[in-house]
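> My structure is below; once you've seen it, I'll send some questions.
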Amino acid sequence: MPDVAPVLDRLDASIDESLERLFALLAIQSISTDPAFAPECRKAAEWLVEDLRSIGFAASVCETAGHPMVVAHHEGEGPHVLFYGHYDVQPVDPLALWESEPFAPALKEVEPGRKVISGRGSSDDKGQLMTFVEACRAYKAVHGKLPCRISILFEGEEESGSTSLKPFLKANAEELKADFALVCDTAMWDRETPAICVGLRGLVGEEVTVKAANRDLHSGFFGGIAANPIRILAKALADLHDENGRVTIPGFYEGVEETPADVLKSWEELGRTAESLLGPIGLFEPAGEKGRSALELTWARPTAECNGIIGGYTGEGFKTVIPAQASAKISFRLVHRQDPDKIRDAFRAFVRERIPADCSVEFAPHGGGPALQLSYDSPLVKTAEGALTEEWGKPAVSIAMGGSIPIVGDFQRLLGMDSLLVGFGLPDDRIHSPNEKYELSSFHKGQRSWARILTALANGK
């Protein structure tokens, strides 16, 4: 098996050249949400194809109904991995808040000995995906081959809903299927501590509308006798939780597993408390299930949250009406083996039971997908932990994420692949905000980390 040491030396020696390539990619204004930037999205895809071809990948721009995909393959021995990233970026508004041009990337020293790469997409996700490409480039330069068989998928709509992704995966399942996927769109625990994400919460979105009278009513004439949709809806929403913060929908916790005690202990040792999480946002009292830690609540427990509610007169002044209807938007974050369809059906039944006979209720779905949970003892996770710990000099921590990354669920459902989520972003990278940045150490040591991970995977360690 090729020696990784000279590959690491090559990455160290070529950091300036790798920065030049990243800057060229960052300069492309690949904003996927704005149709005016569609030519720039295509330009980014074409740039990546040419770069991958320069290191021996069979790469192509693949058309979709939206922005194109980049698909590339390179032969090799050992396991077959599919690396995923996205080349599209968020809009830059408000432009006035940027300290420098968002598409004029630069290397800035923010404090003695610490430099960052500035520019839109530097952390999310161009800088991240290029860490993997640079690791492959160094391997080819040193050994003339890659340590394992590698396929690459870069999409151009991650920041605008990934509309084309699922149809593309279905249509190209045989070509894209691998032993497992590698995803670099997550974060480290802190600037010196690498992390592997082993859990992602799933999601169910619902909009519910309660209807009563056939028009808005005068509250003096009809108050006390006519049904009020706001009161009916508010009562149903209040009933979603008991006094201990548990969700009361029948069957809601089916498929929810208890987190292993040793994992909970390792999370406690990370030092993230309810006070440290809530303090900066002006709160101090956890609102979820009582008796559980802050990280367990956000990483490993399901939720039911009201995201918006409207009904009646909400303009300036006062209008004494009983509204004809009221609506709310509800989201459920799912964990472990909770079934999104069952959760949706159970919620609708829960609400219907609380609707008076002379009123009606309508529902509208707003997406959904299951959670991802890798085994904490997964050989894939253990291999990556060893490689990351060797590179960073600190044990890699296994974390979860409260949010959702739909592509991971799609890989599992459509391609039958588990995903290894390793990223080198930081919480203060200001992704989606003005003045996005990426630590130079993340970019450099991220390249070295992928070289070590690929070597470990090839060696079966």
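Residues are referred to by chain and number: the chain letter is A, B, ... according to the order shown in the structure tokens, the number counts from 1 in that chain, and ligands are numbered separately from 1 in the order shown.
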Tell me, as an mmCIF file with C-alpha atoms, in the first residue's frame, which residues lie within 9 Å of Thr259 of chain A, counting only C-alpha atoms; anything in the same chain fewer than 5 positions away does not count.


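part_12.cif was written with the following content:
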```
data_model
loop_
_atom_site.group_PDB
_atom_site.id
_atom_site.type_symbol
_atom_site.label_atom_id
_atom_site.label_comp_id
_atom_site.auth_asym_id
_atom_site.auth_seq_id
_atom_site.Cartn_x
_atom_site.Cartn_y
_atom_site.Cartn_z
ATOM 1 C CA LEU A 264 -23.422 10.524 26.870
ATOM 2 C CA GLU A 296 -28.521 15.038 24.151
ATOM 3 C CA ALA A 300 -30.264 12.665 20.028
#
```

> Could you pull out the residues in segment 200-407 of chain A that DSSP calls helix (DSSP H, G or I) from the backbone, as JSON, numbers by chain?

{"A": [219, 220, 221, 222, 229, 230, 231, 232, 233, 234, 235, 236, 237, 238, 261, 262, 263, 264, 265, 266, 267, 268, 274, 275, 276, 277, 278, 279, 280, 281, 294, 295, 296, 297, 298, 299, 340, 341, 342, 343, 344, 345, 346, 347, 348, 349, 350, 351, 352, 379, 380, 381, 382, 383, 384, 385, 386, 387, 388, 389, 390, 391, 392, 406, 407]}

> Could you check which of A:Gly156, A:Gly271, A:Gly121, A:Pro2 is closest to Val71 of chain A, using only C-alpha atoms?

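Of A:Gly156, A:Gly271, A:Gly121, A:Pro2, the one nearest Val71 of chain A is A:Gly156, counting only C-alpha atoms.
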
> Which residues are close to Lys382 of chain A, i.e. within 12 Å by only C-alpha atoms, leaving aside same-chain residues fewer than 4 positions away? Reply as a list in words.

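Once the adjacent positions are removed, what remains is Ala195, Ile196, Val198, Leu374, Ser375, Tyr376, Asp377, Ser378, Gly386, Ala387, Leu388, Thr389, Pro395, Ala396, Val397, Ser398, Leu420, Ile453, Ala456, Leu457, Gly460 and Lys461 of chain A.
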
> Identify, on the basis of only C-alpha atoms, every residue whose closest approach to segment 87-102 of chain A does not exceed 9 Å; exclude the query and any residue fewer than 3 positions from it along the same chain; express the result as a PyMOL selection string.

chain A and resi 25-27+29-34+41+44-45+48+105-106+118-121+124-126+129+154-160+431-436

> Set the distance at 8 Å and use only C-alpha atoms: which residues neighbour Leu176 of chain A once local chain neighbours fewer than 4 positions away are removed? I'd like the list as a ChimeraX atom specification.

/A:82,151,169,172,415

> Using C-alpha atoms, can you write the selected residues to a file as a short mmCIF file (atom, residue, chain, number, x, y, z; two decimals), in the first residue's frame?


```
data_model
loop_
_atom_site.label_atom_id
_atom_site.label_comp_id
_atom_site.auth_asym_id
_atom_site.auth_seq_id
_atom_site.Cartn_x
_atom_site.Cartn_y
_atom_site.Cartn_z
CA LEU A 82 -18.15 8.32 -3.37
CA SER A 151 -16.00 8.58 -7.49
CA LEU A 169 -29.49 9.87 -8.04
CA ASN A 172 -27.76 7.25 -12.19
CA LEU A 415 -28.06 3.99 -3.16
#
```

> Residues within 9 Å of Gly312 of chain A, please, as a PyMOL selection string. Count only C-alpha atoms; anything in the same chain fewer than 5 positions from it doesn't count.

chain A and resi 216+230+319+321-326

> Check segment 274-318 of chain A with DSSP on the backbone and list each residue it calls strand (DSSP E), as a ChimeraX atom specification.

/A:303-311

> What's the 7 Å shell around Ala294 of chain A, counting only C-alpha atoms, without same-chain residues fewer than 2 positions away, as a PyMOL selection string?

chain A and resi 273-274+292+296-298

> Store the residues picked out above, limited to N, CA and C atoms, as a PDB file, in the first residue's frame.


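Produced file selection_0.pdb, reproduced below:
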```pdb
ATOM      1  N   THR A 273     -22.859  23.139  27.803  1.00  0.00           N
ATOM      2  CA  THR A 273     -23.980  23.078  28.739  1.00  0.00           C
ATOM      3  C   THR A 273     -25.154  23.907  28.240  1.00  0.00           C
ATOM      4  N   ALA A 274     -26.294  23.753  28.926  1.00  0.00           N
ATOM      5  CA  ALA A 274     -27.462  24.568  28.580  1.00  0.00           C
ATOM      6  C   ALA A 274     -27.143  26.047  28.762  1.00  0.00           C
ATOM      7  N   ARG A 292     -32.475  15.647  30.792  1.00  0.00           N
ATOM      8  CA  ARG A 292     -31.527  15.315  29.727  1.00  0.00           C
ATOM      9  C   ARG A 292     -30.599  16.500  29.469  1.00  0.00           C
ATOM     10  N   GLU A 296     -27.603  16.141  24.454  1.00  0.00           N
ATOM     11  CA  GLU A 296     -28.521  15.038  24.151  1.00  0.00           C
ATOM     12  C   GLU A 296     -29.821  15.577  23.570  1.00  0.00           C
ATOM     13  N   LEU A 297     -30.315  16.692  24.102  1.00  0.00           N
ATOM     14  CA  LEU A 297     -31.558  17.273  23.599  1.00  0.00           C
ATOM     15  C   LEU A 297     -31.428  17.733  22.155  1.00  0.00           C
ATOM     16  N   THR A 298     -30.278  18.286  21.797  1.00  0.00           N
ATOM     17  CA  THR A 298     -30.124  18.830  20.438  1.00  0.00           C
ATOM     18  C   THR A 298     -29.574  17.819  19.447  1.00  0.00           C
TER      19      THR A 298
END
```

> Could you check which of A:Glu258, A:Asp242, A:Glu391, A:Asp428 is closest to Arg448 of chain A, using only C-alpha atoms?

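The shortest atom-to-atom distance to Arg448 of chain A comes from A:Glu391.
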
> Counting only C-alpha atoms, which residue out of A:Ala451, A:Leu440, A:Leu421, A:Leu203 sits closest to Ala181 of chain A?

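Closest residue, counting only C-alpha atoms: A:Leu421.
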
> Calculated over only C-alpha atoms, which of the candidates A:Leu380, A:Leu107, A:Leu52, A:Val4 has the smallest distance to Met130 of chain A?

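Counting only C-alpha atoms, the residue closest to Met130 of chain A is A:Leu52.
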
> Could you tell me which of A:Asp358, A:Lys445, A:Val61, A:Leu165 comes closest to Ile15 of chain A if we count only C-alpha atoms?

A:Lys445

> Work out how far atom CA of Arg231 of chain A is from atom CA of Phe363 of chain A, in Å to one decimal.

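Pair atom CA of Phe363 of chain A / atom CA of Arg231 of chain A returns 17.7 Å.
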
> For atom CA of Leu240 of chain A and atom CA of Ala226 of chain A, determine how far apart the two atoms are, in Å to one decimal place.

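Between atom CA of Leu240 of chain A and atom CA of Ala226 of chain A the gap is 24.4 Å.
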
> Nearest residue to Thr64 of chain A out of A:Lys145, A:Arg348, A:Lys166, A:His86, using only C-alpha atoms?

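Among the listed residues, A:Lys166 lies closest to Thr64 of chain A.
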